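Accompanying notes for the structure given below.
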Amino acid sequence: MPLLAVHENGHAWFSASDVYSQAVRAECADLVKRADNVETAQVALPRLKYLLSRFPGELDVNLSHALVAEMTRVREGMLELWTGVHEKFPDNYRALQYRLRWLSRHQRIAEGLEILERHYPGVPSDVDRRLGKAELFVELREIAKAKALFVSTLADFPDSKNAPLVYAKRLREWGELTEALLILDRLLATGQAPKNASVMAEELRKGMEVLGRHVPDWQTCGIPARIVVLRAAIDIFRNRSVRSVAPGRLGSVSLITGSLGTGGAERQLARTAARLERTRRESGSISGRQIRGPIQVVVKSLSRENNHDFFLPMIACEQVEAYQIDNMTPARPAELVPEESDLRHLLSLVPVHAAFGTQRLVEHFRRHETEVAYIWQDGAVLFAALAALVAGVPRIVLNVRGLPPVLRPHLFRGEYEPMYRALARIPGVEFMSNSHAAAKAYCEWLDLPQERFTIVHNGVEHLPPEPNETDEERWQKFQRRTADATETIGGVFRIDVDKRPELWIDFVHAYHEARPNARFVLVGSGPLLPRVRQRAAELGIADRILFVGRSASVGYWLAKMDAFVLLSRFEGLPNVLIEAQLAGIPVVTTPAGGACETFTPGVTGLATDTVEAVDLDALCAKVGHVVDWRHSDPSLADRIRQIASERFSTTLMVQRTVDLLASPPAADPPAEQPRKYKRARAR
């Protein structure tokens, strides 16, 4: 039995002579059990890293370390971590399960299938291995293959009590409620079903009965049941009584989104919360409307490792409280809606993302007596809107920031259209956008009158031009490398598919051929950065481009530019175009989303003729044109700054936001719209 030295925090720290023991195994199990949310996982992880360094060949230590790392919600490096664990322990099912899950998240399905077939070849003859393979197909989102194995398992192992239960759980998750209940009833008829099979069957039966009363044709309408359930749950509130709030006063406000990562919407949410709280603290009112608060920010994740806390300092310096949904304790439908009701039974069947929100946010809204749920972006509406309704929040503002997901297939979910249509009919639910273009696109998609949307343009602040030491050094080195340059063209954006960074590199190539004395600065990071660098090398222009990567000194890099170019396919109201103008830089952009609402054509910027099929020659001519403006008119930079400051001041944005949020919520339901379910496009 090894001797233990007790550390000051109560943990046992092992000496160099220790051997792996039951005590280590028990401590690992205890650490995993305690790591039930992000914060507790972050506390437990250092201890497990230490144990891993001491016992690198032990399965329990490796698994416990990886599982707690999962609970911290870190994404970077997790595929490599689980690959390492699985390669150490190739027969361990859990390690294989998580390895395949992460391969799926990285869209490496073919690789995952090859690994799965290597470890589970063909159709396993053992019932547990066959069920296990079916579940691994689910991890890879190969649902048809999973169903085929589940069905064959039920046929070949009719006496199995576990197989029907596992398959029924999956069918319920997929929204195939009738089939799930049929399988459970067959299992119950044997008289030997586990107790939880009876509970699940009763829950399904009651939920389907309620659904049938609210949507009689739900089984034949062609819409997945999970989507119909979500709409039916929202429809419960069609005639809700909106709780009265004090007129002309802004009470408790929760600004809700997925994270405080590096995106433009996240920056704008943080800026809004910070300025609302500062105004509340300094003057207590704006435009005659009293701000009582508190002002809160509620996000799914604030993971530092995933950079989800990028804008957390912006709100922290104004003492805005931030709440992380991942750390909230989930509640069961019976705890949220104690009385037997249609809503309670529907909540047990809503899609997983909506269930995630209702289980965690309802009690948060109730405890803080939230008067305004100010929800930003489609994904957050999916997990937060129903929760706000269940909690009785009187005003729910749905703030859409870009083009609707039906126009962005990589972001589309089948739930979105029915959800928004249902929410549009609920008293107290209102729509907001930061651009006329986005509002118009949503109205066309959802058949809503444009009067349903309030437009509040972004409030944007001048970014300070101060660099850090690394920035100065990099710029001076780049200057020496491009000493012949007479103009600098720049861009600041996330290097992902929506921003079309490869098109930006093609523009650089064409522009440099037309104006050889140009150099280029690209600020931003993202999944396509390696491909973009490779493209620049292939075109022979890598030496003319400074790839800055992610930077907290964007203002410094803007100050180096003569023109700013953005070639996005999808946009809301791009903050970065406004920030460039606040730095005195003329802009050239595609007319994506609300991009053209950010500048004065012919004065502070220009746009390409189309979003798609951008004419590179015409684009180069426009960029050259604005560069020549700036070089020929020393006063242009100041005029650009003044125009942008007047149109997009944070003070004006806060004033308009308070005007909306502090006005009395509409108590009457909106005018009746035709009830229709459009067939959802597959994601």
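By convention in this document, the chains of the structure tokens carry letters A, B, ... by their order, each chain's residues are numbered from 1, and ligands are numbered from 1 in the order they are shown.
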Quick check for you: according to DSSP on this backbone, which residues of region 461-555 of chain A are classed as helix (DSSP H, G or I)? Reply as a PyMOL selection string. chain A and resi 469-481+497-499+501-514+529-538+542-544+554-555
Among region 145-348 of chain A, which residues does DSSP mark as strand (DSSP E or B) when it is run on the backbone? Keep the chain and numbering as in the structure and answer as a ChimeraX atom specification. /A:249-250,253-259,285-286,289-291,295-301,321-324
Distance criterion (only C-alpha atoms): nearest to Lys133 (chain A) out of A:Ala197, A:Ala148, A:Ala580, A:Ala621: A:Ala148
Can you work out which one of A:Ile375, A:Val603, A:Leu250, A:Leu45 has the shortest atom-to-atom distance to Asp659 (chain A), counting only C-alpha atoms? A:Leu250
Excluding Glu487 (chain A) and any residue of its chain fewer than 6 positions from it, enumerate the residues within 12 Å of it, using only C-alpha atoms, and give them as a list in words. Gln479, Tyr511, His512, Arg515, Pro516, Asn517, Ala518, Arg519, Phe520, Val521, Arg544, Lys560, Met561, Asp562, Ala563, Phe564, Val623, Gly624, Val626, Val627, Asp628, Arg630 and His631 of chain A
Could you turn the residues from that selection into a file that holds C-alpha atoms, as a PDB file, in the first residue's frame?
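The file below, again.pdb, is the result:
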ATOM      1  CA  GLN A 479       7.451  46.848 -44.507  1.00  0.00           C
ATOM      2  CA  TYR A 511      -5.027  43.544 -58.019  1.00  0.00           C
ATOM      3  CA  HIS A 512      -1.290  43.014 -57.642  1.00  0.00           C
ATOM      4  CA  ARG A 515      -1.032  47.599 -59.424  1.00  0.00           C
ATOM      5  CA  PRO A 516       2.278  45.892 -58.564  1.00  0.00           C
ATOM      6  CA  ASN A 517       3.125  48.358 -55.794  1.00  0.00           C
ATOM      7  CA  ALA A 518       0.287  47.141 -53.573  1.00  0.00           C
ATOM      8  CA  ARG A 519       0.653  45.059 -50.434  1.00  0.00           C
ATOM      9  CA  PHE A 520      -2.050  43.368 -48.390  1.00  0.00           C
ATOM     10  CA  VAL A 521      -2.893  42.765 -44.722  1.00  0.00           C
ATOM     11  CA  ARG A 544       2.857  40.402 -50.570  1.00  0.00           C
ATOM     12  CA  LYS A 560      -2.158  50.820 -41.859  1.00  0.00           C
ATOM     13  CA  MET A 561      -4.722  50.430 -44.656  1.00  0.00           C
ATOM     14  CA  ASP A 562      -5.587  52.671 -47.596  1.00  0.00           C
ATOM     15  CA  ALA A 563      -8.701  50.653 -48.483  1.00  0.00           C
ATOM     16  CA  PHE A 564     -10.708  47.874 -46.869  1.00  0.00           C
ATOM     17  CA  VAL A 623     -10.606  49.295 -55.027  1.00  0.00           C
ATOM     18  CA  GLY A 624      -8.074  51.288 -57.030  1.00  0.00           C
ATOM     19  CA  VAL A 626     -11.120  54.415 -53.524  1.00  0.00           C
ATOM     20  CA  VAL A 627      -7.362  54.224 -52.926  1.00  0.00           C
ATOM     21  CA  ASP A 628      -6.921  57.106 -55.343  1.00  0.00           C
ATOM     22  CA  ARG A 630      -7.824  58.737 -50.270  1.00  0.00           C
ATOM     23  CA  HIS A 631      -4.440  59.655 -51.723  1.00  0.00           C
TER      24      HIS A 631
END
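Using only C-alpha atoms, the residues found no farther than 9 Å from Thr262 (chain A), other than those of its own chain fewer than 2 positions away, are Ser259, Leu260, Gly264, Ala265, Glu266, Arg267, Asn307, His308, Asp309, Phe310, Phe311, Arg494 and Arg550 of chain A.
Checking A:Leu661, A:Arg101, A:Cys28, A:Arg34 one by one against Glu142 (chain A), counting only C-alpha atoms, you find the shortest gap at A:Arg101.
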Looking at A:Ala437, A:Val523, A:Leu398, A:Leu103, which one is nearest to Gly77 (chain A), with distances taken over only C-alpha atoms? A:Leu103
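For Ile396 (chain A), the residues within 6 Å (counting only C-alpha atoms, excluding itself and residues fewer than 3 positions away along the chain) are Val372, Ala373 and Val429 of chain A.
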Write out as number ranges by chain each polymer residue whose atoms come within 9 Å of Glu430 (chain A), counting only C-alpha atoms; drop sequence neighbours fewer than 6 positions from it. A: 395-399, 423-424, 452-454, 665-666
Would you kindly return, as a CSV table (one decimal) with all heavy atoms, in the first residue's frame, each protein, DNA or RNA residue with an atom no farther than 9 Å from any atom of region 500-504 of chain A, considering only C-alpha atoms and excluding same-chain residues fewer than 6 positions away?
chain,number,residue,atom,x,y,z
A,491,GLY,N,-8.1,43.5,-45.0
A,491,GLY,CA,-9.4,42.9,-44.7
A,491,GLY,C,-9.3,42.3,-43.3
A,491,GLY,O,-8.2,42.0,-42.8
A,493,PHE,N,-11.6,39.6,-41.1
A,493,PHE,CA,-12.8,38.8,-41.1
A,493,PHE,C,-12.4,37.4,-40.6
A,493,PHE,O,-11.2,37.0,-40.7
A,493,PHE,CB,-13.5,38.7,-42.4
A,493,PHE,CG,-12.6,38.5,-43.6
A,493,PHE,CD1,-12.2,37.2,-44.0
A,493,PHE,CD2,-12.1,39.5,-44.4
A,493,PHE,CE1,-11.4,36.9,-45.0
A,493,PHE,CE2,-11.3,39.3,-45.5
A,493,PHE,CZ,-10.9,38.0,-45.8
A,494,ARG,N,-13.4,36.6,-40.2
A,494,ARG,CA,-13.1,35.2,-39.9
A,494,ARG,C,-12.9,34.4,-41.2
A,494,ARG,O,-13.6,34.6,-42.2
A,494,ARG,CB,-14.3,34.6,-39.1
A,494,ARG,CG,-14.2,33.1,-38.8
A,494,ARG,CD,-15.2,32.7,-37.8
A,494,ARG,NE,-15.3,31.2,-37.7
A,494,ARG,CZ,-14.5,30.5,-37.1
A,494,ARG,NH1,-13.4,31.0,-36.5
A,494,ARG,NH2,-14.6,29.1,-37.1
A,528,LEU,N,-10.4,27.8,-42.6
A,528,LEU,CA,-9.9,27.8,-44.0
A,528,LEU,C,-8.5,28.5,-44.1
A,528,LEU,O,-8.0,28.6,-45.2
A,528,LEU,CB,-10.9,28.5,-44.9
A,528,LEU,CG,-12.3,27.9,-45.1
A,528,LEU,CD1,-13.1,28.6,-46.1
A,528,LEU,CD2,-12.1,26.4,-45.4
A,529,LEU,N,-7.9,28.9,-43.0
A,529,LEU,CA,-6.7,29.7,-43.1
A,529,LEU,C,-5.6,28.8,-43.7
A,529,LEU,O,-4.8,29.4,-44.6
A,529,LEU,CB,-6.3,30.1,-41.7
A,529,LEU,CG,-5.0,31.0,-41.6
A,529,LEU,CD1,-5.1,32.2,-42.5
A,529,LEU,CD2,-4.7,31.4,-40.2
A,531,ARG,N,-5.8,26.6,-46.0
A,531,ARG,CA,-6.1,26.5,-47.4
A,531,ARG,C,-5.8,27.9,-48.1
A,531,ARG,O,-5.3,27.9,-49.2
A,531,ARG,CB,-7.5,26.1,-47.7
A,531,ARG,CG,-7.8,25.7,-49.1
A,531,ARG,CD,-9.3,25.6,-49.3
A,531,ARG,NE,-9.9,24.6,-48.4
A,531,ARG,CZ,-11.2,24.3,-48.4
A,531,ARG,NH1,-12.0,25.0,-49.2
A,531,ARG,NH2,-11.7,23.4,-47.6
A,532,VAL,N,-6.1,28.9,-47.4
A,532,VAL,CA,-5.9,30.3,-48.0
A,532,VAL,C,-4.4,30.6,-48.1
A,532,VAL,O,-4.0,31.1,-49.1
A,532,VAL,CB,-6.6,31.3,-47.0
A,532,VAL,CG1,-6.1,32.7,-47.4
A,532,VAL,CG2,-8.1,31.2,-47.2
A,535,ARG,N,-3.2,28.7,-51.1
A,535,ARG,CA,-3.7,29.4,-52.3
A,535,ARG,C,-2.8,30.5,-52.7
A,535,ARG,O,-2.4,30.7,-53.8
A,535,ARG,CB,-5.1,29.8,-52.2
A,535,ARG,CG,-5.7,30.6,-53.4
A,535,ARG,CD,-5.9,29.7,-54.5
A,535,ARG,NE,-6.6,30.3,-55.6
A,535,ARG,CZ,-6.6,29.9,-56.9
A,535,ARG,NH1,-5.9,28.8,-57.2
A,535,ARG,NH2,-7.2,30.6,-57.8
A,536,ALA,N,-2.4,31.3,-51.7
A,536,ALA,CA,-1.5,32.5,-51.9
A,536,ALA,C,-0.2,32.0,-52.4
A,536,ALA,O,0.4,32.6,-53.3
A,536,ALA,CB,-1.4,33.3,-50.6
A,565,VAL,N,-11.4,45.8,-47.9
A,565,VAL,CA,-12.2,45.0,-48.9
A,565,VAL,C,-12.8,43.8,-48.1
A,565,VAL,O,-12.1,43.0,-47.4
A,565,VAL,CB,-11.3,44.5,-50.0
A,565,VAL,CG1,-12.1,43.6,-51.0
A,565,VAL,CG2,-10.7,45.6,-50.8
A,566,LEU,N,-14.1,43.6,-48.3
A,566,LEU,CA,-14.9,42.5,-47.7
A,566,LEU,C,-15.7,41.8,-48.9
A,566,LEU,O,-16.4,42.5,-49.6
A,566,LEU,CB,-15.8,43.0,-46.6
A,566,LEU,CG,-16.6,42.0,-45.8
A,566,LEU,CD1,-15.6,41.1,-45.0
A,566,LEU,CD2,-17.6,42.6,-44.9
A,567,LEU,N,-15.5,40.5,-49.0
A,567,LEU,CA,-16.2,39.8,-50.2
A,567,LEU,C,-17.1,38.7,-49.7
A,567,LEU,O,-17.2,37.7,-50.3
A,567,LEU,CB,-15.1,39.3,-51.1
A,567,LEU,CG,-14.1,40.3,-51.7
A,567,LEU,CD1,-13.0,39.6,-52.5
A,567,LEU,CD2,-14.8,41.3,-52.5
A,568,SER,N,-17.8,38.9,-48.6
A,568,SER,CA,-18.7,37.9,-48.0
A,568,SER,C,-19.8,37.5,-49.0
A,568,SER,O,-20.3,38.3,-49.8
A,568,SER,CB,-19.3,38.4,-46.7
A,568,SER,OG,-18.3,38.9,-45.8
A,569,ARG,N,-20.2,36.2,-48.8
A,569,ARG,CA,-21.4,35.8,-49.4
A,569,ARG,C,-22.6,36.1,-48.5
A,569,ARG,O,-23.7,36.4,-49.0
A,569,ARG,CB,-21.3,34.3,-49.7
A,569,ARG,CG,-22.6,33.7,-50.2
A,569,ARG,CD,-22.5,32.2,-50.6
A,569,ARG,NE,-21.8,32.0,-51.9
A,569,ARG,CZ,-20.6,31.4,-52.1
A,569,ARG,NH1,-20.0,30.9,-51.1
A,569,ARG,NH2,-20.1,31.3,-53.3
A,614,VAL,N,-18.5,37.5,-58.7
A,614,VAL,CA,-17.8,38.8,-58.6
A,614,VAL,C,-16.8,38.9,-59.8
A,614,VAL,O,-16.0,38.1,-60.0
A,614,VAL,CB,-17.1,38.9,-57.3
A,614,VAL,CG1,-16.3,40.2,-57.2
A,614,VAL,CG2,-18.1,38.9,-56.2
Have a look at A:Asp185, A:Leu51, A:Leu140, A:Leu619 and name the one nearest to Glu114 (chain A); count only C-alpha atoms. A:Leu140
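Relative to CA of Pro527 (chain A), CA of Arg73 (chain A) is found at 18.4 Å.
Note that CA of Phe365 (chain A) and CA of Ala388 (chain A) are 7.0 Å apart.
Distances from A:Tyr323, A:Tyr98, A:Phe412, A:Tyr420 to Ser301 (chain A) were compared using only C-alpha atoms, and the smallest one belongs to A:Tyr323.
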